[in-house]
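Please read the structure below before turning to the comments.
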Amino acid sequence: MSCGDPHDTDCGEVLDHLYELLDNEMAEGDCAKLKVHFEECSPCLAEYGLEQAIKALVKRSCSSEHSPADLRGKVLARIDSIRAGQRAGESLTVAEAAE
């Protein structure tokens with residue numbers, strides 16, 4: 001995606017880091033670079049707006065759902081079990097790890 005105009009920041013680079021910006025995980029200077037790019041490049045701005053809307057929709061749709069109270073404990077126990085198997089020299093397949 002590109003508007004065809006030259007930019008200081010490449011469209012591909014902007015799109016590669018889009019979720020970092022949306023998730024507030026980007027350094028302030030890098031955020032500023034992307035925002036300047038959006039001012040110059042309407043296709044990237046449109047993509048940013050679309051991803052922002054999708055993220056908001058997912059948040060609204062999933063915010064009322066709560067995980068089971070014991071889920072955290074089960075996940076941590078499974079991680080410990082997998083780690084213990086790896087320390088013992090066992091090799092787990094993806095299917096076994098997912099059980």
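Labeling convention for the structure tokens: chains A, B, ... as they appear, residues from 1 per chain, ligands from 1 in order of appearance.
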
Distance query region 55-57 of chain A at most 10 Å, only C-alpha atoms, self and fewer than 4 positions along chain excluded, as a ChimeraX atom specification = /A:19,22-23,49-51,61-63

For the selection just defined, write its residues with N, CA and C atoms to a file, as a PDB file, in the first residue's frame.
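selection_35.pdb written:
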ATOM      1  N   TYR A  19       0.419  -1.822  14.833  1.00  0.00           N
ATOM      2  CA  TYR A  19      -0.150  -2.315  16.086  1.00  0.00           C
ATOM      3  C   TYR A  19       0.617  -1.808  17.302  1.00  0.00           C
ATOM      4  N   LEU A  22      -1.076   1.447  17.828  1.00  0.00           N
ATOM      5  CA  LEU A  22      -2.430   1.250  18.345  1.00  0.00           C
ATOM      6  C   LEU A  22      -2.431   0.771  19.793  1.00  0.00           C
ATOM      7  N   ASP A  23      -1.430  -0.016  20.170  1.00  0.00           N
ATOM      8  CA  ASP A  23      -1.358  -0.571  21.519  1.00  0.00           C
ATOM      9  C   ASP A  23      -0.538   0.292  22.477  1.00  0.00           C
ATOM     10  N   GLY A  49      -7.003   3.957  10.500  1.00  0.00           N
ATOM     11  CA  GLY A  49      -8.376   4.158  10.960  1.00  0.00           C
ATOM     12  C   GLY A  49      -9.164   2.862  10.990  1.00  0.00           C
ATOM     13  N   LEU A  50      -8.974   2.030   9.980  1.00  0.00           N
ATOM     14  CA  LEU A  50      -9.662   0.743   9.927  1.00  0.00           C
ATOM     15  C   LEU A  50      -9.224  -0.152  11.079  1.00  0.00           C
ATOM     16  N   GLU A  51      -7.925  -0.254  11.295  1.00  0.00           N
ATOM     17  CA  GLU A  51      -7.416  -1.099  12.380  1.00  0.00           C
ATOM     18  C   GLU A  51      -7.846  -0.566  13.741  1.00  0.00           C
ATOM     19  N   SER A  61     -16.940  -5.875  21.994  1.00  0.00           N
ATOM     20  CA  SER A  61     -17.585  -7.182  21.875  1.00  0.00           C
ATOM     21  C   SER A  61     -17.118  -8.168  22.935  1.00  0.00           C
ATOM     22  N   CYS A  62     -15.897  -8.030  23.379  1.00  0.00           N
ATOM     23  CA  CYS A  62     -15.326  -9.019  24.298  1.00  0.00           C
ATOM     24  C   CYS A  62     -15.223  -8.531  25.735  1.00  0.00           C
ATOM     25  N   SER A  63     -15.507  -7.291  25.985  1.00  0.00           N
ATOM     26  CA  SER A  63     -15.259  -6.747  27.320  1.00  0.00           C
ATOM     27  C   SER A  63     -16.201  -7.300  28.375  1.00  0.00           C
TER      28      SER A  63
END

message = Report as a list in words all protein, DNA and RNA residues lying within 10 Å of region 1-16 of chain A, evaluated on only C-alpha atoms, omitting residues in the same chain fewer than 4 positions from it.
response =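 Returned residues: Glu20, Leu21, Asp30, Cys31, Lys33, Leu34, Lys35, Val36, His37, Phe38, Glu40, Cys41, Ser42, Pro43, Cys44, Leu45, Glu47 and Tyr48 of chain A.
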
key: Which of region 36-84 of chain A DSSP labels helix (DSSP H, G or I), written as a ChimeraX atom specification   = /A:36-40,42-62,71-84

request  = Between CA of Gln52 (chain A) and CA of Ala32 (chain A), measure the distance and give it in Å to one decimal.
outcome  = 17.0 Å

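For the pair CA of Lys59 (chain A) and CA of Ile79 (chain A), the separation is 27.0 Å.
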